[in-house]
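The next block holds one structure in the form of structure tokens; read it before the comments.
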Amino acid sequence: MALSGDTECRAGQVARAFFEAATKLSDDNEDILPQEDAPDLKLSVFFLFSELFPEFVCDKDKDAPGKGGLMRLQFNKIGYEIYDKEQSRRVPAVRAKPGNPGYGFRRARWRNTLEGEDKKVCEAVLKQLGVAVERVERVKSR
């Protein structure tokens with residue numbers, strides 16, 4: 001599915017900024033953030049992005065194709081430009097056979113956006129992008 005040039009560009013910018021503001025490279029080789037949600041838990045980076053920035057998400061179940069947002073696949077591709085892709089049994093594999101490993105963002109972890117340097121980075125990245133203060137606070141609290 002192709003997005004219009006301006007929408008694709010802005011949605012990609014917001015997605016990259018969200019990855020930078022909300023996640024970071026971990027020193028622990030075992031850290032991994034899932035690309036998909038489990039049936040009973042919403043743990044993926046995409047889920048949080050779609051909750052906080054719904055106008056930049058194209059949900060194939062809710063929107064007609066071409067409504068101007070990123071699909072999960074497109075969002076995850078941006079994440080894999082930042083973090084390596086890793087297959088692991090520690091992340092959900094909803095569309096795979098039971099017991100098969102899922103994919104995630106290797107050595108990625110959530111920032112602690114409520115304090116310290118992580119809070120400063122989150123605020124700075126989102127404000128530079130032009131995100132409203134109220135939304136920045138919502139991102140930090142999630």
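Numbering starts fresh at 1 for the residues of each chain in the structure tokens, the chains themselves are lettered A, B, ... in the order given, and ligands are numbered from 1 as they appear.
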
From region 18-139 of chain A, collect each residue whose DSSP state is helix (DSSP H, G or I) and return the set as a VMD selection string.
chain A and resid 18 to 22 45 to 52 54 to 56 72 to 82 116 to 129 133 to 139

Using only C-alpha atoms, which protein or nucleic acid residues come within 8 Å of Met71 (chain A)? Drop anything in the same chain fewer than 3 positions from it, and give the result as a PyMOL selection string.
chain A and resi 57-60+74-75

Pick from A:Gln35, A:Gln13, A:Thr113, A:Asn29, whichever lies nearest to Gly69 (chain A) using only C-alpha atoms:
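Once distances to Gly69 (chain A) are computed over only C-alpha atoms, the minimum belongs to A:Gln13.
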
I need the residue nearest Glu55 (chain A) from this list: A:Glu115, A:Ala15, A:Val139, A:Ile32. Use only C-alpha atoms for the distance.
A:Ala15

Nearby residues (only C-alpha atoms) at most 12 Å from Glu30 (chain A), same-chain spacing under 6 positions excluded, as a CSV table (one decimal) with all heavy atoms, in the first residue's frame:
```
chain,number,residue,atom,x,y,z
A,86,GLU,N,15.4,-9.9,15.7
A,86,GLU,CA,15.8,-11.1,16.3
A,86,GLU,C,14.6,-12.0,16.6
A,86,GLU,O,13.5,-11.5,17.0
A,86,GLU,CB,16.4,-10.9,17.7
A,86,GLU,CG,16.9,-12.1,18.4
A,86,GLU,CD,17.7,-11.9,19.6
A,86,GLU,OE1,18.9,-11.4,19.5
A,86,GLU,OE2,17.2,-12.0,20.7
A,87,GLN,N,14.7,-13.3,16.3
A,87,GLN,CA,13.7,-14.3,16.6
A,87,GLN,C,13.9,-14.8,18.0
A,87,GLN,O,15.1,-15.2,18.4
A,87,GLN,CB,13.8,-15.4,15.6
A,87,GLN,CG,12.5,-16.2,15.5
A,87,GLN,CD,12.5,-17.1,14.2
A,87,GLN,OE1,13.6,-17.4,13.7
A,87,GLN,NE2,11.3,-17.6,13.9
A,88,SER,N,12.9,-14.9,18.8
A,88,SER,CA,13.0,-15.3,20.2
A,88,SER,C,11.7,-15.9,20.7
A,88,SER,O,10.6,-15.5,20.3
A,88,SER,CB,13.4,-14.1,21.0
A,88,SER,OG,13.4,-14.5,22.4
A,89,ARG,N,11.9,-16.9,21.5
A,89,ARG,CA,10.7,-17.5,22.1
A,89,ARG,C,10.1,-16.7,23.3
A,89,ARG,O,9.1,-16.9,23.8
A,89,ARG,CB,11.0,-18.9,22.7
A,89,ARG,CG,11.4,-19.9,21.6
A,89,ARG,CD,11.4,-21.3,22.1
A,89,ARG,NE,11.9,-22.2,21.1
A,89,ARG,CZ,11.2,-22.7,20.0
A,89,ARG,NH1,10.0,-22.2,19.8
A,89,ARG,NH2,11.8,-23.5,19.2
A,90,ARG,N,10.8,-15.6,23.6
A,90,ARG,CA,10.4,-14.7,24.7
A,90,ARG,C,9.4,-13.6,24.2
A,90,ARG,O,8.9,-12.8,25.0
A,90,ARG,CB,11.6,-14.0,25.3
A,90,ARG,CG,12.5,-15.0,26.1
A,90,ARG,CD,13.7,-14.3,26.7
A,90,ARG,NE,14.6,-13.9,25.6
A,90,ARG,CZ,15.2,-12.8,25.5
A,90,ARG,NH1,15.0,-11.8,26.4
A,90,ARG,NH2,15.9,-12.5,24.4
A,91,VAL,N,9.1,-13.6,22.9
A,91,VAL,CA,8.2,-12.6,22.3
A,91,VAL,C,7.1,-13.4,21.6
A,91,VAL,O,7.2,-14.5,21.2
A,91,VAL,CB,8.9,-11.6,21.4
A,91,VAL,CG1,9.9,-10.8,22.1
A,91,VAL,CG2,9.5,-12.3,20.2
A,104,GLY,N,11.4,-9.7,17.4
A,104,GLY,CA,11.4,-8.5,18.2
A,104,GLY,C,12.6,-7.6,17.8
A,104,GLY,O,13.4,-8.0,17.0
A,105,PHE,N,12.7,-6.5,18.5
A,105,PHE,CA,13.8,-5.6,18.3
A,105,PHE,C,14.9,-5.9,19.3
A,105,PHE,O,14.8,-5.7,20.5
A,105,PHE,CB,13.3,-4.1,18.5
A,105,PHE,CG,12.1,-3.8,17.6
A,105,PHE,CD1,10.8,-3.7,18.1
A,105,PHE,CD2,12.3,-3.5,16.3
A,105,PHE,CE1,9.8,-3.4,17.3
A,105,PHE,CE2,11.2,-3.2,15.5
A,105,PHE,CZ,10.0,-3.2,16.0
A,106,ARG,N,16.0,-6.4,18.8
A,106,ARG,CA,17.1,-6.9,19.6
A,106,ARG,C,17.8,-5.8,20.3
A,106,ARG,O,18.1,-4.7,19.8
A,106,ARG,CB,18.1,-7.6,18.7
A,106,ARG,CG,19.3,-8.3,19.5
A,106,ARG,CD,20.2,-9.0,18.5
A,106,ARG,NE,21.2,-9.7,19.2
A,106,ARG,CZ,22.4,-9.1,19.4
A,106,ARG,NH1,22.7,-7.9,18.9
A,106,ARG,NH2,23.3,-9.7,20.1
A,107,ARG,N,18.1,-6.0,21.6
A,107,ARG,CA,18.8,-5.1,22.5
A,107,ARG,C,18.0,-3.8,22.6
A,107,ARG,O,18.6,-2.7,22.9
A,107,ARG,CB,20.2,-4.9,22.1
A,107,ARG,CG,21.1,-6.1,22.3
A,107,ARG,CD,22.6,-5.8,22.1
A,107,ARG,NE,23.0,-4.7,22.9
A,107,ARG,CZ,24.0,-4.0,22.6
A,107,ARG,NH1,24.7,-4.1,21.5
A,107,ARG,NH2,24.4,-3.0,23.5
A,108,ALA,N,16.7,-3.8,22.4
A,108,ALA,CA,15.9,-2.6,22.6
A,108,ALA,C,15.2,-2.7,24.0
A,108,ALA,O,14.8,-3.8,24.4
A,108,ALA,CB,14.9,-2.4,21.5
A,109,ARG,N,15.1,-1.6,24.6
A,109,ARG,CA,14.3,-1.5,25.9
A,109,ARG,C,13.6,-0.2,25.9
A,109,ARG,O,13.9,0.8,25.3
A,109,ARG,CB,15.2,-1.7,27.1
A,109,ARG,CG,16.1,-0.6,27.4
A,109,ARG,CD,16.7,-0.8,28.8
A,109,ARG,NE,17.4,0.3,29.3
A,109,ARG,CZ,16.9,1.4,29.9
A,109,ARG,NH1,15.6,1.5,30.1
A,109,ARG,NH2,17.6,2.4,30.3
```

So, with only C-alpha atoms as the atoms that count, which of A:Lys140, A:Glu117, A:Cys122, A:Leu33 lies closest to Ala21 (chain A)?
A:Cys122

As a list of chain:residue names, which residues of chain A does DSSP assign to strand (DSSP E)?
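Output for chain A, strand (DSSP E) only: A:Thr23, A:Lys24, A:Leu25, A:Ile32, A:Leu33, A:Pro34, A:Lys85, A:Glu86, A:Gln87, A:Ser88, A:Gly102, A:Tyr103, A:Gly104, A:Phe105, A:Arg106, A:Ala108, A:Arg109, A:Trp110.
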
Residues within 8 Å of Glu20 (chain A), please, as number ranges by chain. Count only C-alpha atoms; anything in the same chain fewer than 3 positions from it doesn't count.
A: 16-17, 23-24, 122, 125

Can I get the selected residues back with N, CA and C atoms, as a PDB file, in the first residue's frame?
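Below is the file again15.pdb, written as the result:
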```
ATOM      1  N   ARG A  16       9.834   7.372  13.694  1.00  0.00           N
ATOM      2  CA  ARG A  16      11.259   7.398  14.078  1.00  0.00           C
ATOM      3  C   ARG A  16      11.469   8.165  15.377  1.00  0.00           C
ATOM      4  N   ALA A  17      10.796   9.310  15.494  1.00  0.00           N
ATOM      5  CA  ALA A  17      10.918  10.102  16.711  1.00  0.00           C
ATOM      6  C   ALA A  17      10.370   9.333  17.911  1.00  0.00           C
ATOM      7  N   THR A  23      12.222   4.426  23.288  1.00  0.00           N
ATOM      8  CA  THR A  23      13.059   3.236  23.417  1.00  0.00           C
ATOM      9  C   THR A  23      14.528   3.620  23.324  1.00  0.00           C
ATOM     10  N   LYS A  24      15.382   2.687  23.727  1.00  0.00           N
ATOM     11  CA  LYS A  24      16.816   2.926  23.577  1.00  0.00           C
ATOM     12  C   LYS A  24      17.558   1.605  23.538  1.00  0.00           C
ATOM     13  N   CYS A 122      13.247  12.051  25.872  1.00  0.00           N
ATOM     14  CA  CYS A 122      11.862  11.900  25.399  1.00  0.00           C
ATOM     15  C   CYS A 122      11.241  13.273  25.136  1.00  0.00           C
ATOM     16  N   VAL A 125      13.048  15.183  22.069  1.00  0.00           N
ATOM     17  CA  VAL A 125      12.759  14.619  20.747  1.00  0.00           C
ATOM     18  C   VAL A 125      11.341  14.966  20.306  1.00  0.00           C
TER      19      VAL A 125
END
```

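We find CA of Phe53 (chain A) and CA of Asp28 (chain A) to be spaced 28.9 Å apart.
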
For a test of reading the model, state the distance in Å between CA of Ser50 (chain A) and CA of Tyr103 (chain A), rounded to one decimal.
18.8 Å

So which one's closest to Phe47 (chain A), A:Ala124, A:Phe18, A:Gly68, A:Ser26? Using only C-alpha atoms, please.
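With only C-alpha atoms as the atom set, the closest residue is A:Phe18.
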
Which residue out of A:Ser141, A:Phe56, A:Lys42, A:Val133 has the minimum interatomic distance to Asn112 (chain A) when only C-alpha atoms are used?
A:Ser141
